[in-house]
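Text of run26.pdb, listed as PDB, C-alpha atoms:
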MODEL        1
ATOM      1  CA  MET O   1      11.850  -6.458  -8.676
ATOM      2  CA  ARG O   2      11.402  -8.766  -5.700
ATOM      3  CA  ILE O   3       9.861  -7.444  -2.483
ATOM      4  CA  ARG O   4      12.367  -8.399   0.168
ATOM      5  CA  PRO O   5      11.075  -8.862   3.718
ATOM      6  CA  THR O   6      12.853  -5.761   5.071
ATOM      7  CA  LEU O   7      11.002  -5.286   8.320
ATOM      8  CA  SER O   8      13.063  -2.643  10.046
ATOM      9  CA  TRP O   9      15.310   0.283   9.271
ATOM     10  CA  THR O  10      17.207   2.496  11.704
ATOM     11  CA  PRO O  11      17.665   6.116  10.569
ATOM     12  CA  ALA O  12      21.205   7.454  10.641
ATOM     13  CA  GLU O  13      21.801  10.287  13.080
ATOM     14  CA  ASP O  14      23.060  12.636  10.344
ATOM     15  CA  LEU O  15      19.894  12.562   8.203
ATOM     16  CA  PRO O  16      18.589  16.004   7.236
ATOM     17  CA  PRO O  17      15.954  17.193   9.717
ATOM     18  CA  GLY O  18      12.305  17.418   8.782
ATOM     19  CA  THR O  19      10.542  20.736   8.286
ATOM     20  CA  THR O  20       7.027  22.131   8.620
ATOM     21  CA  ASP O  21       7.338  24.311   5.493
ATOM     22  CA  LEU O  22       4.893  23.201   2.805
ATOM     23  CA  GLY O  23       6.098  25.885   0.394
ATOM     24  CA  PRO O  24       8.271  23.598  -1.775
ATOM     25  CA  VAL O  25       5.382  21.133  -2.161
ATOM     26  CA  VAL O  26       3.053  23.951  -3.228
ATOM     27  CA  GLU O  27       5.643  25.235  -5.701
ATOM     28  CA  ALA O  28       6.224  21.794  -7.225
ATOM     29  CA  LEU O  29       2.511  21.184  -7.730
ATOM     30  CA  ASP O  30       1.983  24.683  -9.102
ATOM     31  CA  THR O  31       4.662  23.910 -11.716
ATOM     32  CA  GLY O  32       2.913  20.621 -12.597
ATOM     33  CA  GLY O  33       4.226  17.281 -13.804
ATOM     34  CA  VAL O  34       4.398  15.868 -10.262
ATOM     35  CA  LEU O  35       4.515  12.089  -9.863
ATOM     36  CA  VAL O  36       3.014  10.933  -6.558
ATOM     37  CA  LEU O  37       4.398   7.862  -4.795
ATOM     38  CA  SER O  38       2.237   6.974  -1.796
ATOM     39  CA  GLY O  39       2.674   4.533   1.055
ATOM     40  CA  ALA O  40       0.753   3.222   4.037
ATOM     41  CA  GLY O  41       1.014   6.516   5.908
ATOM     42  CA  ILE O  42      -1.537   8.180   3.652
ATOM     43  CA  SER O  43      -4.184   5.668   4.724
ATOM     44  CA  THR O  44      -3.742   5.789   8.500
ATOM     45  CA  GLU O  45      -6.359   8.540   8.786
ATOM     46  CA  SER O  46      -8.789   6.118   7.116
ATOM     47  CA  GLY O  47      -8.295   3.660   9.963
ATOM     48  CA  ILE O  48      -5.733   1.447   8.227
ATOM     49  CA  PRO O  49      -2.557   1.232  10.337
ATOM     50  CA  ASP O  50       0.950   1.881   9.097
ATOM     51  CA  TYR O  51       3.630  -0.812   9.067
ATOM     52  CA  ARG O  52       6.470   1.138  10.626
ATOM     53  CA  GLY O  53       5.188   4.418  12.073
ATOM     54  CA  GLU O  54       4.301   5.025  15.683
ATOM     55  CA  GLY O  55       2.282   1.998  16.756
ATOM     56  CA  GLY O  56       2.991   0.341  13.402
ATOM     57  CA  SER O  57       1.773  -3.208  12.880
ATOM     58  CA  LEU O  58       5.259  -4.694  12.466
ATOM     59  CA  SER O  59       5.666  -4.422  16.228
ATOM     60  CA  ARG O  60       3.178  -7.296  16.541
ATOM     61  CA  HIS O  61       2.812  -8.777  13.047
ATOM     62  CA  THR O  62       5.179 -10.284  10.459
ATOM     63  CA  PRO O  63       3.683 -10.234   6.941
ATOM     64  CA  MET O  64       3.240 -13.536   5.117
ATOM     65  CA  THR O  65       5.904 -14.356   2.523
ATOM     66  CA  TYR O  66       5.021 -15.771  -0.876
ATOM     67  CA  GLN O  67       7.173 -18.834  -0.245
ATOM     68  CA  GLU O  68       5.364 -19.694   2.983
ATOM     69  CA  PHE O  69       1.936 -19.115   1.443
ATOM     70  CA  ALA O  70       2.625 -21.263  -1.628
ATOM     71  CA  ALA O  71       4.255 -24.160   0.226
ATOM     72  CA  ASP O  72       2.250 -24.572   3.437
ATOM     73  CA  ALA O  73      -1.484 -25.364   3.552
ATOM     74  CA  ARG O  74      -1.584 -24.483   7.258
ATOM     75  CA  ALA O  75      -0.089 -21.074   6.497
ATOM     76  CA  ARG O  76      -2.743 -20.519   3.835
ATOM     77  CA  ARG O  77      -5.498 -21.458   6.298
ATOM     78  CA  ARG O  78      -4.087 -19.017   8.822
ATOM     79  CA  TYR O  79      -3.711 -16.299   6.190
ATOM     80  CA  TRP O  80      -7.222 -16.639   4.748
ATOM     81  CA  ALA O  81      -8.883 -16.803   8.168
ATOM     82  CA  ARG O  82      -7.153 -13.608   9.210
ATOM     83  CA  SER O  83      -7.614 -11.912   5.857
ATOM     84  CA  HIS O  84     -11.269 -12.881   5.600
ATOM     85  CA  LEU O  85     -11.989 -11.290   8.956
ATOM     86  CA  GLY O  86      -9.829  -8.262   8.207
ATOM     87  CA  TRP O  87     -11.562  -7.670   4.879
ATOM     88  CA  ARG O  88     -14.821  -6.917   6.674
ATOM     89  CA  THR O  89     -13.168  -3.854   8.204
ATOM     90  CA  PHE O  90     -10.633  -3.109   5.486
ATOM     91  CA  GLY O  91     -13.232  -3.161   2.728
ATOM     92  CA  ARG O  92     -15.293  -0.513   4.529
ATOM     93  CA  ALA O  93     -12.444   2.024   4.796
ATOM     94  CA  ARG O  94     -13.136   5.377   3.151
ATOM     95  CA  PRO O  95     -10.726   7.880   1.545
ATOM     96  CA  ASN O  96      -9.469  10.637   3.810
ATOM     97  CA  ALA O  97      -8.471  14.241   3.135
ATOM     98  CA  GLY O  98      -5.073  13.143   1.811
ATOM     99  CA  HIS O  99      -6.550  10.846  -0.833
ATOM    100  CA  ARG O 100      -9.113  13.478  -1.808
ATOM    101  CA  ALA O 101      -6.424  16.155  -2.158
ATOM    102  CA  VAL O 102      -4.351  13.911  -4.452
ATOM    103  CA  ALA O 103      -7.466  13.339  -6.557
ATOM    104  CA  ALA O 104      -7.969  17.118  -6.761
ATOM    105  CA  PHE O 105      -4.363  17.607  -7.901
ATOM    106  CA  GLY O 106      -5.007  15.092 -10.661
ATOM    107  CA  ARG O 107      -8.315  16.647 -11.746
ATOM    108  CA  HIS O 108      -6.582  19.986 -12.202
ATOM    109  CA  GLY O 109      -3.782  18.549 -14.340
ATOM    110  CA  LEU O 110      -0.965  18.977 -11.828
ATOM    111  CA  LEU O 111       0.133  15.331 -11.737
ATOM    112  CA  ALA O 112       2.178  13.116 -14.047
ATOM    113  CA  GLY O 113       0.660  10.084 -12.346
ATOM    114  CA  VAL O 114       0.077   8.256  -9.074
ATOM    115  CA  ILE O 115       2.001   5.171  -7.958
ATOM    116  CA  THR O 116       0.843   3.618  -4.703
ATOM    117  CA  GLN O 117       2.475   0.965  -2.591
ATOM    118  CA  ASN O 118      -0.893   0.452  -0.889
ATOM    119  CA  VAL O 119      -3.352  -2.335  -1.655
ATOM    120  CA  ASP O 120      -6.450  -0.597  -0.255
ATOM    121  CA  GLY O 121      -7.851   1.061  -3.408
ATOM    122  CA  LEU O 122      -8.489   4.338  -1.554
ATOM    123  CA  HIS O 123      -6.854   6.570  -4.177
ATOM    124  CA  GLN O 124      -9.280   5.223  -6.779
ATOM    125  CA  ALA O 125     -12.204   5.515  -4.377
ATOM    126  CA  ALA O 126     -11.311   9.201  -3.923
ATOM    127  CA  GLY O 127     -11.417   9.753  -7.684
ATOM    128  CA  SER O 128      -7.778   9.448  -8.788
ATOM    129  CA  GLN O 129      -7.437   8.083 -12.320
ATOM    130  CA  ASP O 130      -4.914   5.616 -13.780
ATOM    131  CA  VAL O 131      -3.393   4.746 -10.402
ATOM    132  CA  VAL O 132      -0.528   2.233 -10.639
ATOM    133  CA  GLU O 133      -0.931  -0.283  -7.812
ATOM    134  CA  LEU O 134       2.711  -1.257  -7.397
ATOM    135  CA  HIS O 135       1.880  -4.097  -5.007
ATOM    136  CA  GLY O 136      -1.546  -5.012  -6.428
ATOM    137  CA  GLY O 137      -4.977  -4.713  -4.845
ATOM    138  CA  LEU O 138      -6.848  -6.608  -2.140
ATOM    139  CA  ASP O 139     -10.140  -6.243  -4.006
ATOM    140  CA  ARG O 140      -9.106  -9.077  -6.357
ATOM    141  CA  VAL O 141      -7.910 -12.672  -6.010
ATOM    142  CA  VAL O 142      -5.855 -14.732  -8.452
ATOM    143  CA  CYS O 143      -5.477 -18.489  -8.931
ATOM    144  CA  LEU O 144      -1.879 -19.687  -8.777
ATOM    145  CA  SER O 145      -2.685 -22.532 -11.188
ATOM    146  CA  CYS O 146      -4.832 -21.115 -14.003
ATOM    147  CA  GLY O 147      -4.275 -17.375 -13.445
ATOM    148  CA  ASP O 148      -7.991 -16.596 -13.278
ATOM    149  CA  ARG O 149      -8.786 -13.338 -11.498
ATOM    150  CA  SER O 150     -12.030 -12.748  -9.654
ATOM    151  CA  PRO O 151     -13.519 -10.145  -7.298
ATOM    152  CA  ARG O 152     -12.696 -10.339  -3.615
ATOM    153  CA  ALA O 153     -16.387  -9.893  -2.832
ATOM    154  CA  GLU O 154     -17.108 -13.200  -4.556
ATOM    155  CA  LEU O 155     -14.469 -15.004  -2.502
ATOM    156  CA  ALA O 156     -15.791 -13.373   0.690
ATOM    157  CA  ARG O 157     -19.242 -14.798  -0.064
ATOM    158  CA  ARG O 158     -17.819 -18.289  -0.634
ATOM    159  CA  LEU O 159     -15.779 -18.146   2.575
ATOM    160  CA  GLU O 160     -18.840 -17.016   4.535
ATOM    161  CA  GLU O 161     -20.745 -20.032   3.237
ATOM    162  CA  ALA O 162     -17.866 -22.412   4.024
ATOM    163  CA  ASN O 163     -17.375 -21.013   7.542
ATOM    164  CA  PRO O 164     -20.752 -20.206   9.093
ATOM    165  CA  GLY O 165     -20.485 -18.615  12.513
ATOM    166  CA  PHE O 166     -16.861 -17.526  12.063
ATOM    167  CA  GLU O 167     -16.893 -14.401  14.243
ATOM    168  CA  PRO O 168     -13.644 -14.157  16.246
ATOM    169  CA  VAL O 169     -12.637 -10.818  17.761
ATOM    170  CA  ALA O 170      -9.368  -9.596  16.255
ATOM    171  CA  ALA O 171      -6.702  -7.789  18.264
ATOM    172  CA  GLY O 172      -6.097  -5.436  15.328
ATOM    173  CA  ILE O 173      -6.064  -4.948  11.550
ATOM    174  CA  ASN O 174      -2.859  -4.588   9.522
ATOM    175  CA  PRO O 175      -2.022  -2.567   6.365
ATOM    176  CA  ASP O 176      -2.306  -5.734   4.233
ATOM    177  CA  GLY O 177      -5.873  -6.325   5.448
ATOM    178  CA  ASP O 178      -4.763  -9.125   7.761
ATOM    179  CA  ALA O 179      -6.445  -9.381  11.173
ATOM    180  CA  ASP O 180      -4.504 -10.410  14.267
ATOM    181  CA  LEU O 181      -5.852 -13.814  15.331
ATOM    182  CA  THR O 182      -4.406 -16.579  17.477
ATOM    183  CA  ASP O 183      -4.077 -20.129  16.155
ATOM    184  CA  ALA O 184      -6.943 -21.111  18.439
ATOM    185  CA  GLN O 185      -9.156 -18.457  16.848
ATOM    186  CA  VAL O 186      -8.213 -19.646  13.356
ATOM    187  CA  GLY O 187      -9.206 -23.169  14.380
ATOM    188  CA  ASP O 188     -10.338 -25.355  11.476
ATOM    189  CA  PHE O 189     -11.190 -22.469   9.141
ATOM    190  CA  ARG O 190     -12.012 -23.849   5.681
ATOM    191  CA  VAL O 191     -10.177 -22.441   2.657
ATOM    192  CA  VAL O 192     -11.978 -22.626  -0.692
ATOM    193  CA  PRO O 193     -10.226 -23.405  -4.005
ATOM    194  CA  CYS O 194     -10.418 -21.680  -7.378
ATOM    195  CA  ALA O 195     -13.951 -22.072  -8.732
ATOM    196  CA  ARG O 196     -12.589 -22.619 -12.238
ATOM    197  CA  CYS O 197      -9.806 -25.203 -11.772
ATOM    198  CA  GLY O 198      -9.614 -26.066  -8.060
ATOM    199  CA  GLY O 199      -6.210 -24.394  -7.661
ATOM    200  CA  ILE O 200      -4.827 -22.275  -4.827
ATOM    201  CA  LEU O 201      -6.287 -18.789  -4.496
ATOM    202  CA  LYS O 202      -4.112 -15.859  -3.460
ATOM    203  CA  PRO O 203      -4.965 -12.184  -3.069
ATOM    204  CA  ASP O 204      -3.860 -10.257  -6.159
ATOM    205  CA  VAL O 205      -1.117  -8.505  -4.210
ATOM    206  CA  VAL O 206       2.665  -8.820  -4.191
ATOM    207  CA  PHE O 207       3.722 -10.663  -1.050
ATOM    208  CA  PHE O 208       7.088 -10.191   0.578
ATOM    209  CA  GLY O 209       9.513 -12.473  -1.282
ATOM    210  CA  GLU O 210       7.551 -12.126  -4.528
ATOM    211  CA  ASN O 211       8.444 -10.190  -7.679
ATOM    212  CA  VAL O 212       6.610  -7.086  -8.759
ATOM    213  CA  PRO O 213       5.594  -7.788 -12.388
ATOM    214  CA  LEU O 214       8.283  -6.469 -14.753
ATOM    215  CA  LEU O 215       5.872  -4.584 -17.013
ATOM    216  CA  ARG O 216       4.498  -2.751 -13.955
ATOM    217  CA  VAL O 217       7.999  -1.801 -12.857
ATOM    218  CA  GLU O 218       8.880  -0.534 -16.326
ATOM    219  CA  HIS O 219       5.679   1.500 -16.435
ATOM    220  CA  CYS O 220       6.625   3.149 -13.134
ATOM    221  CA  ARG O 221      10.118   3.882 -14.417
ATOM    222  CA  ALA O 222       8.624   5.522 -17.491
ATOM    223  CA  LEU O 223       6.458   7.697 -15.253
ATOM    224  CA  VAL O 224       9.555   8.749 -13.306
ATOM    225  CA  ARG O 225      11.353   9.647 -16.538
ATOM    226  CA  GLU O 226       8.419  11.743 -17.750
ATOM    227  CA  ALA O 227       7.754  13.538 -14.461
ATOM    228  CA  ALA O 228       9.103  16.936 -13.476
ATOM    229  CA  SER O 229       9.356  15.967  -9.802
ATOM    230  CA  LEU O 230       8.526  13.144  -7.396
ATOM    231  CA  LEU O 231       6.312  13.645  -4.340
ATOM    232  CA  VAL O 232       6.459  10.852  -1.747
ATOM    233  CA  LEU O 233       3.471  10.690   0.590
ATOM    234  CA  GLY O 234       3.430   8.573   3.728
ATOM    235  CA  SER O 235       6.140   6.042   2.913
ATOM    236  CA  SER O 236       9.191   5.159   4.974
ATOM    237  CA  LEU O 237      10.750   3.868   1.721
ATOM    238  CA  THR O 238      12.123   0.938   3.697
ATOM    239  CA  VAL O 239      11.240  -1.473   0.887
ATOM    240  CA  MET O 240      13.387  -1.185  -2.236
ATOM    241  CA  SER O 241      10.387  -1.332  -4.577
ATOM    242  CA  GLY O 242       9.580   2.291  -3.714
ATOM    243  CA  LEU O 243      13.042   3.565  -2.826
ATOM    244  CA  ARG O 244      14.290   2.582  -6.269
ATOM    245  CA  PHE O 245      12.111   5.198  -7.942
ATOM    246  CA  VAL O 246      13.301   7.869  -5.527
ATOM    247  CA  ARG O 247      16.900   7.087  -6.384
ATOM    248  CA  GLU O 248      16.141   7.095 -10.107
ATOM    249  CA  ALA O 249      14.425  10.472  -9.879
ATOM    250  CA  ALA O 250      17.316  11.958  -7.903
ATOM    251  CA  ARG O 251      19.900  10.594 -10.361
ATOM    252  CA  ALA O 252      17.971  12.229 -13.184
ATOM    253  CA  GLY O 253      18.096  15.568 -11.383
ATOM    254  CA  LYS O 254      14.390  15.662 -10.609
ATOM    255  CA  PRO O 255      13.406  17.188  -7.253
ATOM    256  CA  VAL O 256      12.218  14.629  -4.695
ATOM    257  CA  LEU O 257       9.875  15.957  -2.011
ATOM    258  CA  ILE O 258       8.667  13.833   0.911
ATOM    259  CA  VAL O 259       5.750  14.364   3.281
ATOM    260  CA  ASN O 260       6.181  11.883   6.134
ATOM    261  CA  ARG O 261       6.247  12.507   9.863
ATOM    262  CA  ASP O 262       9.204  10.183  10.459
ATOM    263  CA  PRO O 263      12.589   9.992   8.693
ATOM    264  CA  THR O 264      12.743   7.816   5.564
ATOM    265  CA  ARG O 265      15.372   5.910   3.639
ATOM    266  CA  GLY O 266      14.929   8.461   0.863
ATOM    267  CA  ASP O 267      15.683  11.593   2.887
ATOM    268  CA  ARG O 268      19.236  11.892   1.543
ATOM    269  CA  HIS O 269      17.841  12.105  -1.988
ATOM    270  CA  ALA O 270      15.134  14.669  -1.176
ATOM    271  CA  VAL O 271      15.181  18.444  -1.366
ATOM    272  CA  THR O 272      12.807  18.490   1.608
ATOM    273  CA  ARG O 273      10.921  16.251   4.022
ATOM    274  CA  VAL O 274       7.838  17.795   5.563
ATOM    275  CA  ALA O 275       7.250  16.217   8.978
ATOM    276  CA  LEU O 276       3.507  16.875   9.262
ATOM    277  CA  PRO O 277       0.321  14.767   9.210
ATOM    278  CA  LEU O 278      -0.641  14.009   5.626
ATOM    279  CA  GLY O 279      -4.361  14.727   5.499
ATOM    280  CA  PRO O 280      -4.257  18.268   6.943
ATOM    281  CA  SER O 281      -1.011  19.039   5.075
ATOM    282  CA  LEU O 282      -2.347  18.088   1.651
ATOM    283  CA  ALA O 283      -5.622  19.891   2.332
ATOM    284  CA  THR O 284      -3.562  23.000   3.159
ATOM    285  CA  VAL O 285      -1.548  22.613  -0.043
ATOM    286  CA  ALA O 286      -4.743  22.316  -2.071
ATOM    287  CA  ALA O 287      -6.146  25.453  -0.425
ATOM    288  CA  ARG O 288      -2.980  27.423  -1.221
ATOM    289  CA  LEU O 289      -3.346  26.356  -4.839
ATOM    290  CA  GLY O 290      -6.983  27.428  -4.856
ATOM    291  CA  LEU O 291      -8.260  23.901  -5.486
ATOM    292  CA  HIS O 292     -11.542  22.490  -4.303
ATOM    293  CA  VAL O 293     -11.196  19.193  -2.437
ATOM    294  CA  ALA O 294     -14.330  17.039  -2.495
ATOM    295  CA  GLU O 295     -15.947  16.272   0.830
ATOM    296  CA  ASP O 296     -16.088  12.709   2.143
ATOM    297  CA  ALA O 297     -19.034  10.857   0.645
TER     298      ALA O 297
ENDMDL
END
For this file, write the structure as structure tokens.
Amino acid sequence: MRIRPTLSWTPAEDLPPGTTDLGPVVEALDTGGVLVLSGAGISTESGIPDYRGEGGSLSRHTPMTYQEFAADARARRRYWARSHLGWRTFGRARPNAGHRAVAAFGRHGLLAGVITQNVDGLHQAAGSQDVVELHGGLDRVVCLSCGDRSPRAELARRLEEANPGFEPVAAGINPDGDADLTDAQVGDFRVVPCARCGGILKPDVVFFGENVPLLRVEHCRALVREAASLLVLGSSLTVMSGLRFVREAARAGKPVLIVNRDPTRGDRHAVTRVALPLGPSLATVAARLGLHVAEDA
């Protein structure tokens, strides 16, 4: 499944309207077997911006494609300079009430699993188990030559040593951990190679234009088949990698429920779309179910 660089989507005027009724979400979770599919919107309350919501980063930022990254050394320099700076902020983000509520649902046996389109690791940090990172995770890097994987913290240390005094002020941080820098701010930033073979290092995430690993896709499809319902949290479903699972669930007759303030490409397949902020909404759902949601650490 290749991530196509679909950067915009215009909702049709005849989409079903959103609601403020959380009842169907409560009922689905009370029944159990709910598969969560989360997107960037669940992390906005942690300080990580959305791609397409109000003030989304796509209004000022076009994500790097795999083809550009692999073929152009200048593009890699620009990417790693921006990503290195962004990681300082991105890596300090903490789970919010939405992540903690999802973790509580899992602890109490209400979930069939969690699939996230996010690369921030916040579901795991909140305590969710066996999270499928559909698009990978920014806390790891991979070598395009030898396939070696290593911690992002190790690469951050090496980049600090190679670029002493690199302290530009970014205009903003994006959902992929990329900071907004001008070419002048990037300057002659030094990129470091794989410590094992000298190859090109890439974050262990699926770039636009790159394929999601087949085994990961099949695992997600199996989770959809086994689930009683699908709960989409904070995703516009603009990218087919997430929308595909919504369509598969709907074809199988499984209820699809969406909590997202704005319309999504999956609304036609959903029994409801709750147009409320995620953190407070999921905390309310947890309270109605009588579940304790851990406080922020």
Per residue of stretch 161-240 of chain O within 12 Å of stretch 79-92 of chain O, record the nearest atom pair and its distance in Å to one decimal, counting only C-alpha atoms, with rows in chain order and ascending residue number, as a tab-separated table.
residue	atom	partner	partner_atom	distance
O:Ala162	CA	O:Ala81	CA	11.4
O:Asn163	CA	O:Ala81	CA	9.5
O:Gly165	CA	O:Leu85	CA	11.8
O:Phe166	CA	O:Leu85	CA	8.5
O:Glu167	CA	O:Leu85	CA	7.9
O:Pro168	CA	O:Leu85	CA	8.0
O:Val169	CA	O:Leu85	CA	8.8
O:Ala170	CA	O:Leu85	CA	7.9
O:Ala171	CA	O:Gly86	CA	10.5
O:Gly172	CA	O:Gly86	CA	8.5
O:Ile173	CA	O:Gly86	CA	6.0
O:Asn174	CA	O:Gly86	CA	8.0
O:Pro175	CA	O:Phe90	CA	8.7
O:Asp176	CA	O:Ser83	CA	8.3
O:Gly177	CA	O:Gly86	CA	5.2
O:Asp178	CA	O:Ser83	CA	4.4
O:Ala179	CA	O:Gly86	CA	4.6
O:Asp180	CA	O:Arg82	CA	6.5
O:Leu181	CA	O:Arg82	CA	6.3
O:Thr182	CA	O:Arg82	CA	9.2
O:Asp183	CA	O:Ala81	CA	9.9
O:Ala184	CA	O:Ala81	CA	11.3
O:Gln185	CA	O:Ala81	CA	8.8
O:Val186	CA	O:Ala81	CA	6.0
O:Gly187	CA	O:Ala81	CA	8.9
O:Asp188	CA	O:Ala81	CA	9.3
O:Phe189	CA	O:Ala81	CA	6.2
O:Arg190	CA	O:Ala81	CA	8.1
O:Val191	CA	O:Trp80	CA	6.8
O:Val192	CA	O:Trp80	CA	9.4
O:Pro193	CA	O:Trp80	CA	11.5
O:Ile200	CA	O:Trp80	CA	11.4
O:Leu201	CA	O:Trp80	CA	9.5
O:Lys202	CA	O:Trp80	CA	8.8
O:Pro203	CA	O:Trp80	CA	9.3
O:Phe207	CA	O:Tyr79	CA	11.8
Would you list the contacts of O:Gly113 as a PyMOL selection string, taking every protein, DNA or RNA residue within 9 Å and counting all atoms listed in the file, but skipping same-chain residues closer than 5 positions in sequence?
chain O and resi 33-37+106+129-132+223+227
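One finds atom CA of O:Asp50 at 25.0 Å from atom CA of O:Ser229.
Our summary of the geometry notes that atom CA of O:Asp14 is positioned 14.1 Å from atom CA of O:Asp262.
Put simply, atom CA of O:Ser145 is 5.3 Å away from atom CA of O:Gly199.
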Run the PyMOL selection byres ((chain O and resi 120) around 7) mentally over the shown coordinates, then write out the matched residues as an MDAnalysis selection string, using the chain letters and numbers from the document.
chainID O and resid 118:119 121:122 137:138
Residue by residue, what does the PyMOL selection byres ((chain O and resi 38) around 8) grab here? Present the result as a CSV table (one decimal) with C-alpha atoms, keeping the file's coordinate frame.
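Saved as expr.csv:
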chain,number,residue,atom,x,y,z
O,36,VAL,CA,3.0,10.9,-6.6
O,37,LEU,CA,4.4,7.9,-4.8
O,39,GLY,CA,2.7,4.5,1.1
O,40,ALA,CA,0.8,3.2,4.0
O,41,GLY,CA,1.0,6.5,5.9
O,42,ILE,CA,-1.5,8.2,3.7
O,114,VAL,CA,0.1,8.3,-9.1
O,115,ILE,CA,2.0,5.2,-8.0
O,116,THR,CA,0.8,3.6,-4.7
O,117,GLN,CA,2.5,1.0,-2.6
O,118,ASN,CA,-0.9,0.5,-0.9
O,232,VAL,CA,6.5,10.9,-1.7
O,233,LEU,CA,3.5,10.7,0.6
O,234,GLY,CA,3.4,8.6,3.7
O,235,SER,CA,6.1,6.0,2.9
So that I can see what lies close to stretch 263-274 of chain O, please list as a ChimeraX atom specification the residues with an atom at most 7 Å from it, counting all atoms listed in the file and leaving out residues fewer than 6 positions away in the same chain.
/O:11,15-16,18-22,236-238,243,246-247,250,255-257
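Residue nearest O:Val206 within the list O:Leu159, O:Met64, O:Ala112, O:Ala103: O:Met64 [criterion: smallest interatomic distance, all atoms listed in the file].
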Counting all atoms listed in the file, find residues at most 10 Å from (-12.2, -8.3, -3.9) (file frame) and give them as a PDB file with C-alpha atoms, keeping the file's coordinate frame.
ATOM      1  CA  TRP O  87     -11.562  -7.670   4.879  1.00  0.00           C
ATOM      2  CA  GLY O  91     -13.232  -3.161   2.728  1.00  0.00           C
ATOM      3  CA  GLY O 137      -4.977  -4.713  -4.845  1.00  0.00           C
ATOM      4  CA  LEU O 138      -6.848  -6.608  -2.140  1.00  0.00           C
ATOM      5  CA  ASP O 139     -10.140  -6.243  -4.006  1.00  0.00           C
ATOM      6  CA  ARG O 140      -9.106  -9.077  -6.357  1.00  0.00           C
ATOM      7  CA  VAL O 141      -7.910 -12.672  -6.010  1.00  0.00           C
ATOM      8  CA  ARG O 149      -8.786 -13.338 -11.498  1.00  0.00           C
ATOM      9  CA  SER O 150     -12.030 -12.748  -9.654  1.00  0.00           C
ATOM     10  CA  PRO O 151     -13.519 -10.145  -7.298  1.00  0.00           C
ATOM     11  CA  ARG O 152     -12.696 -10.339  -3.615  1.00  0.00           C
ATOM     12  CA  ALA O 153     -16.387  -9.893  -2.832  1.00  0.00           C
ATOM     13  CA  GLU O 154     -17.108 -13.200  -4.556  1.00  0.00           C
ATOM     14  CA  LEU O 155     -14.469 -15.004  -2.502  1.00  0.00           C
ATOM     15  CA  ALA O 156     -15.791 -13.373   0.690  1.00  0.00           C
ATOM     16  CA  PRO O 203      -4.965 -12.184  -3.069  1.00  0.00           C
ATOM     17  CA  ASP O 204      -3.860 -10.257  -6.159  1.00  0.00           C
TER      18      ASP O 204
END
Residues proximal to (1.6, -17.6, 10.4) were defined as those with any atom within 9 Å of that point in the file's coordinates, counting only C-alpha atoms. Which are they, as a list in words?
Thr62, Pro63, Met64, Glu68, Arg74, Ala75, Arg76, Arg78, Tyr79 and Asp183 of chain O
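With the shown file loaded, the PyMOL selection byres ((chain O and resi 278-282) around 6) picks out Ala97, Gly98, Ala101, Pro277, Ala283, Thr284 and Val285 of chain O.
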Set the distance at 9 Å and use only C-alpha atoms: which residues neighbour O:His292 once local chain neighbours fewer than 4 positions away are removed? I'd like the list as a tab-separated table (two decimals) with C-alpha atoms, keeping the file's coordinate frame.
chain	number	residue	atom	x	y	z
O	101	ALA	CA	-6.42	16.16	-2.16
O	104	ALA	CA	-7.97	17.12	-6.76
O	286	ALA	CA	-4.74	22.32	-2.07
O	287	ALA	CA	-6.15	25.45	-0.42
Given only C-alpha atoms as the basis, pick out the residue of O:Pro95, O:Gly136, O:Gly109, O:Pro17 nearest to O:Gln124.
O:Pro95
